[in-house]
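Here is entry08.txt, consisting of compact mmCIF, C-alpha atoms:
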# COMPACT_ATOMS: atom_id res chain seq x y z
CA MET A 1 -79.18 -37.04 32.83
CA SER A 2 -76.15 -36.93 35.07
CA VAL A 3 -74.82 -33.84 36.82
CA ILE A 4 -71.93 -33.58 34.35
CA GLU A 5 -74.29 -33.49 31.37
CA ILE A 6 -76.46 -30.84 33.01
CA MET A 7 -73.34 -28.76 33.74
CA PHE A 8 -72.15 -29.23 30.14
CA TRP A 9 -75.40 -27.97 28.63
CA PHE A 10 -75.68 -25.10 31.12
CA LEU A 11 -72.12 -23.92 30.42
CA SER A 12 -72.56 -24.33 26.65
CA VAL A 13 -75.76 -22.26 26.59
CA LEU A 14 -74.12 -19.66 28.84
CA ALA A 15 -71.04 -19.44 26.59
CA LEU A 16 -73.03 -19.19 23.35
CA GLY A 17 -75.56 -16.71 24.74
CA ALA A 18 -72.87 -14.45 26.17
CA ALA A 19 -70.90 -14.69 22.91
CA VAL A 20 -73.97 -13.59 20.93
CA MET A 21 -74.45 -10.70 23.35
CA VAL A 22 -70.80 -9.64 22.84
CA VAL A 23 -71.56 -9.09 19.16
CA ALA A 24 -75.09 -7.74 19.64
CA SER A 25 -74.80 -5.26 22.51
CA LYS A 26 -74.53 -1.58 21.65
CA SER A 27 -72.26 -0.38 24.42
CA PRO A 28 -68.62 -1.60 24.38
CA VAL A 29 -68.57 -1.90 28.19
CA TYR A 30 -71.44 -4.41 28.08
CA SER A 31 -69.62 -6.29 25.31
CA ILE A 32 -66.56 -6.61 27.53
CA LEU A 33 -68.60 -7.80 30.52
CA PHE A 34 -70.33 -10.43 28.37
CA LEU A 35 -66.96 -11.56 27.02
CA ILE A 36 -65.76 -12.03 30.63
CA LEU A 37 -68.88 -14.17 31.20
CA THR A 38 -67.97 -16.23 28.11
CA PHE A 39 -64.46 -16.77 29.44
CA PHE A 40 -65.82 -17.90 32.79
CA ALA A 41 -68.09 -20.39 31.01
CA ILE A 42 -65.11 -21.73 29.03
CA SER A 43 -63.15 -22.02 32.28
CA GLY A 44 -66.08 -24.03 33.64
CA HIS A 45 -65.72 -26.33 30.65
CA TYR A 46 -62.03 -26.77 31.46
CA ILE A 47 -62.88 -27.68 35.06
CA LEU A 48 -65.44 -30.18 33.73
CA LEU A 49 -62.68 -31.71 31.60
CA ASN A 50 -60.39 -31.78 34.68
CA ALA A 51 -57.93 -29.39 33.03
CA GLN A 52 -57.48 -27.49 36.28
CA PHE A 53 -54.29 -25.65 35.38
CA LEU A 54 -55.80 -24.21 32.20
CA ALA A 55 -59.02 -23.26 33.99
CA ILE A 56 -57.11 -21.19 36.54
CA VAL A 57 -54.79 -19.69 33.91
CA ASN A 58 -57.80 -18.82 31.74
CA ILE A 59 -59.44 -16.95 34.60
CA ILE A 60 -56.25 -15.19 35.72
CA VAL A 61 -54.85 -14.27 32.30
CA TYR A 62 -57.99 -13.73 30.22
CA ALA A 63 -60.69 -12.62 32.62
CA GLY A 64 -58.19 -11.02 34.98
CA ALA A 65 -55.49 -9.35 32.93
CA ILE A 66 -56.59 -9.06 29.32
CA MET A 67 -60.20 -8.03 29.90
CA VAL A 68 -59.19 -5.48 32.55
CA LEU A 69 -56.86 -4.01 29.92
CA PHE A 70 -59.78 -3.81 27.46
CA LEU A 71 -62.03 -2.24 30.09
CA PHE A 72 -59.29 0.24 30.99
CA VAL A 73 -58.86 1.31 27.36
CA VAL A 74 -62.64 1.65 26.79
CA MET A 75 -63.02 3.78 29.90
CA LEU A 76 -59.94 5.82 28.97
CA MET A 77 -61.51 6.66 25.61
CA ASN A 78 -64.92 7.24 27.26
CA LEU A 79 -66.72 5.06 24.71
CA ASN A 80 -70.44 4.41 25.15
CA ALA A 81 -73.50 3.54 23.11
CA GLU A 82 -73.78 7.07 21.68
CA SER A 83 -70.20 7.20 20.39
CA GLU A 84 -70.47 3.73 18.88
CA PRO A 85 -69.77 3.83 15.12
CA HIS A 86 -72.85 2.61 13.24
CA GLN A 87 -72.75 0.43 10.20
CA LYS A 88 -74.45 2.72 7.67
CA ASN A 89 -74.61 0.21 4.86
CA LYS A 90 -77.29 -2.30 5.93
CA TRP A 91 -76.27 -4.68 3.16
CA LEU A 92 -72.85 -5.18 4.75
CA LEU A 93 -74.59 -6.28 7.96
CA TYR A 94 -76.66 -8.88 6.10
CA ILE A 95 -73.71 -10.07 4.04
CA GLY A 96 -71.54 -10.44 7.14
CA GLY A 97 -74.25 -12.39 8.95
CA ILE A 98 -74.90 -14.61 5.94
CA SER A 99 -71.20 -15.37 5.40
CA GLY A 100 -70.66 -16.23 9.07
CA GLY A 101 -73.79 -18.40 9.07
CA SER A 102 -72.61 -20.17 5.92
CA LEU A 103 -69.26 -20.82 7.58
CA LEU A 104 -71.09 -22.44 10.51
CA LEU A 105 -73.23 -24.46 8.09
CA VAL A 106 -70.26 -25.68 6.04
CA MET A 107 -68.27 -26.65 9.14
CA VAL A 108 -71.20 -28.55 10.66
CA ALA A 109 -71.87 -30.33 7.36
CA ALA A 110 -68.20 -31.23 6.99
CA LEU A 111 -67.88 -32.46 10.57
CA LYS A 112 -71.16 -34.38 10.64
CA LYS A 113 -69.35 -37.66 10.04
CA VAL A 114 -67.44 -37.22 13.33
CA ALA A 115 -70.70 -37.84 15.17
CA ALA A 116 -70.76 -41.37 13.78
CA THR A 117 -67.33 -42.28 15.22
CA ASN A 118 -68.63 -41.72 18.76
CA GLN A 119 -65.26 -40.99 20.37
CA LEU A 120 -65.69 -40.22 24.03
CA VAL A 121 -64.04 -37.40 25.97
CA GLN A 122 -62.83 -38.21 29.45
CA MET A 123 -64.79 -36.07 31.89
CA ASN A 124 -64.10 -35.15 35.49
CA ASN A 125 -61.08 -37.38 36.03
CA GLY A 126 -57.69 -38.12 34.48
CA GLU A 127 -54.35 -36.67 35.50
CA VAL A 128 -53.35 -35.06 32.22
CA GLY A 129 -54.49 -31.54 33.11
CA LEU A 130 -53.02 -31.34 36.58
CA ILE A 131 -50.27 -28.84 37.36
CA LYS A 132 -47.70 -31.53 38.19
CA ASN A 133 -47.84 -33.25 34.79
CA LEU A 134 -48.02 -30.01 32.80
CA GLY A 135 -45.16 -28.52 34.82
CA ILE A 136 -42.91 -31.50 34.14
CA LYS A 137 -43.82 -31.34 30.45
CA LEU A 138 -43.25 -27.58 30.30
CA PHE A 139 -39.83 -27.64 31.94
CA THR A 140 -38.45 -30.70 30.17
CA ASP A 141 -39.77 -31.04 26.62
CA TYR A 142 -40.95 -27.47 26.13
CA VAL A 143 -38.34 -25.51 28.05
CA PHE A 144 -36.94 -23.82 24.92
CA PRO A 145 -40.33 -22.45 23.70
CA PHE A 146 -40.96 -21.37 27.30
CA GLU A 147 -37.77 -19.28 27.29
CA ILE A 148 -38.54 -17.93 23.82
CA SER A 149 -41.94 -16.75 25.06
CA SER A 150 -40.18 -14.60 27.67
CA VAL A 151 -38.31 -12.89 24.82
CA LEU A 152 -41.69 -12.45 23.07
CA PHE A 153 -43.08 -10.73 26.16
CA LEU A 154 -40.05 -8.47 26.41
CA SER A 155 -40.40 -7.41 22.77
CA ALA A 156 -44.17 -6.90 23.24
CA MET A 157 -43.51 -4.67 26.25
CA ILE A 158 -40.92 -2.59 24.38
CA GLY A 159 -43.22 -2.43 21.35
CA ALA A 160 -46.19 -1.20 23.39
CA VAL A 161 -44.06 1.52 24.99
CA VAL A 162 -42.60 2.61 21.64
CA ILE A 163 -45.99 2.68 19.88
CA SER A 164 -47.81 4.61 22.57
CA LYS A 165 -45.00 7.15 23.08
CA LYS A 166 -45.82 10.60 21.72
CA GLU A 167 -43.49 11.25 18.83
CA GLY A 168 -41.43 14.42 18.60
CA MET B 1 -69.41 -36.78 26.66
CA PRO B 2 -68.95 -37.55 22.95
CA VAL B 3 -66.30 -35.37 21.35
CA TYR B 4 -68.58 -33.99 18.64
CA TYR B 5 -70.52 -31.94 21.19
CA TYR B 6 -67.30 -30.06 21.89
CA ILE B 7 -66.51 -29.77 18.17
CA PHE B 8 -69.89 -28.21 17.41
CA LEU B 9 -69.70 -25.91 20.44
CA ALA B 10 -66.27 -24.66 19.35
CA VAL B 11 -67.43 -24.22 15.74
CA ALA B 12 -70.42 -22.20 16.92
CA LEU B 13 -68.24 -19.96 19.11
CA PHE B 14 -65.78 -19.49 16.23
CA SER B 15 -68.59 -18.56 13.83
CA ILE B 16 -69.99 -16.00 16.28
CA GLY B 17 -66.49 -14.49 16.41
CA VAL B 18 -66.30 -14.39 12.60
CA ILE B 19 -69.72 -12.71 12.37
CA GLY B 20 -68.62 -10.15 14.96
CA VAL B 21 -65.46 -9.33 13.01
CA LEU B 22 -67.50 -8.94 9.81
CA ILE B 23 -70.41 -6.81 11.03
CA ARG B 24 -69.01 -4.56 13.78
CA ARG B 25 -67.06 -1.39 13.05
CA ASN B 26 -65.68 -0.67 16.51
CA ALA B 27 -62.01 -1.71 16.46
CA ILE B 28 -62.07 -2.82 20.11
CA ILE B 29 -65.05 -5.13 19.58
CA ILE B 30 -63.42 -6.61 16.45
CA PHE B 31 -60.37 -7.32 18.61
CA MET B 32 -62.54 -8.97 21.27
CA CYS B 33 -64.12 -11.21 18.64
CA VAL B 34 -60.61 -12.33 17.64
CA GLU B 35 -60.07 -13.31 21.29
CA LEU B 36 -63.33 -15.26 21.18
CA MET B 37 -62.09 -17.23 18.16
CA LEU B 38 -58.79 -17.99 19.94
CA ASN B 39 -60.75 -19.32 22.92
CA ALA B 40 -62.87 -21.56 20.69
CA ALA B 41 -59.65 -23.09 19.33
CA ASN B 42 -58.33 -23.53 22.89
CA LEU B 43 -61.49 -25.33 23.98
CA LEU B 44 -61.20 -27.69 21.01
CA LEU B 45 -57.54 -28.44 21.79
CA VAL B 46 -58.37 -29.33 25.39
CA ALA B 47 -61.29 -31.54 24.30
CA PHE B 48 -59.09 -33.41 21.81
CA SER B 49 -56.40 -33.79 24.46
CA LYS B 50 -58.89 -35.46 26.78
CA MET B 51 -60.19 -37.61 23.93
CA HIS B 52 -56.72 -39.01 23.14
CA HIS B 53 -56.01 -39.35 26.84
CA GLN B 54 -59.12 -41.49 27.17
CA ALA B 55 -58.02 -43.63 24.22
CA ALA B 56 -54.46 -44.18 25.54
CA ILE B 57 -55.17 -44.32 29.25
CA ASN B 58 -54.08 -47.95 29.69
CA THR B 59 -50.64 -47.54 28.14
CA ASN B 60 -49.62 -44.03 29.20
CA SER B 61 -51.10 -42.10 32.11
CA THR B 62 -49.85 -38.71 30.83
CA ALA B 63 -50.66 -39.20 27.15
CA ALA B 64 -51.72 -36.17 25.09
CA SER B 65 -50.62 -33.53 27.58
CA ASP B 66 -48.85 -31.65 24.73
CA ALA B 67 -52.16 -30.10 23.63
CA GLN B 68 -52.63 -28.44 27.00
CA VAL B 69 -49.08 -27.03 26.83
CA PHE B 70 -49.98 -25.64 23.40
CA VAL B 71 -53.06 -23.98 24.89
CA PHE B 72 -50.80 -22.37 27.48
CA PHE B 73 -48.56 -21.00 24.73
CA ILE B 74 -51.58 -19.72 22.78
CA MET B 75 -52.61 -17.79 25.89
CA VAL B 76 -49.07 -16.37 26.17
CA VAL B 77 -49.13 -15.19 22.55
CA ALA B 78 -52.65 -13.76 23.00
CA ALA B 79 -51.53 -11.72 26.00
CA ALA B 80 -48.62 -10.23 24.02
CA GLU B 81 -50.91 -9.61 21.05
CA VAL B 82 -53.49 -7.77 23.15
CA SER B 83 -50.90 -5.42 24.65
CA ILE B 84 -49.60 -4.43 21.21
CA GLY B 85 -53.06 -4.28 19.60
CA LEU B 86 -54.53 -2.03 22.28
CA ALA B 87 -51.49 0.26 22.01
CA ILE B 88 -52.16 0.54 18.27
CA ILE B 89 -55.89 1.23 18.87
CA VAL B 90 -55.06 3.94 21.44
CA MET B 91 -52.64 5.46 18.91
CA MET B 92 -55.36 5.39 16.22
CA TYR B 93 -57.86 7.01 18.61
CA ARG B 94 -55.37 9.73 19.40
CA ASN B 95 -55.01 10.58 15.71
CA THR B 96 -58.60 10.24 14.50
CA HIS B 97 -60.67 10.64 17.73
CA SER B 98 -62.66 7.58 16.73
CA VAL B 99 -62.36 3.80 16.96
CA ASP B 100 -64.22 3.29 13.65
CA VAL B 101 -62.16 0.95 11.49
CA ASN B 102 -63.50 2.64 8.34
CA PHE B 103 -61.37 5.68 9.19
CA LEU B 104 -58.39 3.50 8.40
CA ASN B 105 -59.19 3.53 4.69
CA ARG B 106 -57.29 6.80 4.56
CA LEU B 107 -54.22 4.58 4.51
CA LYS B 108 -55.10 4.02 0.84
CA ASN B 109 -53.94 7.43 -0.34
Show me, as structure tokens, the structure contained in the file I just sent.
Amino acid sequence: MSVIEIMFWFLSVLALGAAVMVVASKSPVYSILFLILTFFAISGHYILLNAQFLAIVNIIVYAGAIMVLFLFVVMLMNLNAESEPHQKNKWLLYIGGISGGSLLLVMVAALKKVAATNQLVQMNNGEVGLIKNLGIKLFTDYVFPFEISSVLFLSAMIGAVVISKKEG
Amino acid sequence: MPVYYYIFLAVALFSIGVIGVLIRRNAIIIFMCVELMLNAANLLLVAFSKMHHQAAINTNSTAASDAQVFVFFIMVVAAAEVSIGLAIIVMMYRNTHSVDVNFLNRLKN
């Protein structure tokens, strides 16, 4: 087993275990910390695929900005394990788990044939994920969506201010 | 690495996100599970990008870089979505003093 395979399995187990703990943990603060761990594991996968730009952006935007915003809101509301709303109807828990598990089962059964094609993913080299190539792509072919996304951010900023403003 | 490892990993992450949305009642955790599903899709896009890059490496050295630009735009949209969504959750908490999504069924009447 090569180093890349060991890293792949380690990061996969880390991502799946932390994702299960996001759903399972009682306190919202622990959920957020486990979600940050999941994002770091996914960033590790990006580094393994040599998508360096996306790995750094994933850490900065997701683990840095978005999760700090979540943590800030949870601490602002002073949520903890005691104030956590409990699912009173146990049947809904079972039904939710069974439906999600069936989704996993159906997807795996439908995608089982892909395993036979044996397409390989390029690991640990290749220039496609480097900043130079993505930057050229972003500012030539995708420059219009890039500018549109700035308008999206402006409207999101105005929307957040308008929603959270006390009326009256 | 064969591509189906990445497919099954992303499907498993997506299913965990779906289960979280279905069984939890805390609005913030439901929102975090949506982020988890977005990340599973991102991981799959990057894996497919590298798969097609591997297939076309002899003809075009920057083949299939569009998928990684798409992932960048998904992250942009997710950041905007989180800012609005958390503003709505804070607004809901201010009115009901709870983050339980079942309180929202008062929208029915």
Proximal residues of chain A relative to chain B (only C-alpha atoms; 6 Å) as a VMD selection string: chain A and resid 23 85 93 96 to 97 100 104 115 118 to 122 128 153 156 160 164
Expected answer as a ChimeraX atom specification: all residues with atoms within 9 Å of (-64.8, -23.6, 30.3), all atoms listed in the file: /A:11-12,15,38-49,55,58 /B:43
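Between atom CA of Phe72 of chain A and atom CA of Ser155 of chain A the separation is 22.0 Å.
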Residue nearest Met75 of chain A - candidates A:Met7, A:Leu154, A:Ile148, A:Ile32, atoms counted: all atoms listed in the file: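 Nearest to Met75 of chain A: A:Ile32.
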Atom CA of Asn80 of chain A to atom CA of Ser27 of chain A, distance in Å rounded to a single decimal: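 We find that atom CA of Asn80 of chain A and atom CA of Ser27 of chain A lie 5.2 Å from each other.
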Nearest to Gln52 of chain A by atom-to-atom distance, counting only C-alpha atoms, from A:Gln87, A:Ser150, A:Thr140, A:Asn125: A:Asn125
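Between atom CA of Phe139 of chain A and atom CA of Ile59 of chain A the separation is 22.5 Å.
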Long-range neighbours of Ile131 of chain A as a PyMOL selection string, 10 Å cut-off, all atoms listed in the file, 4 positions minimum in chain: chain A and resi 51-54+127+135-137
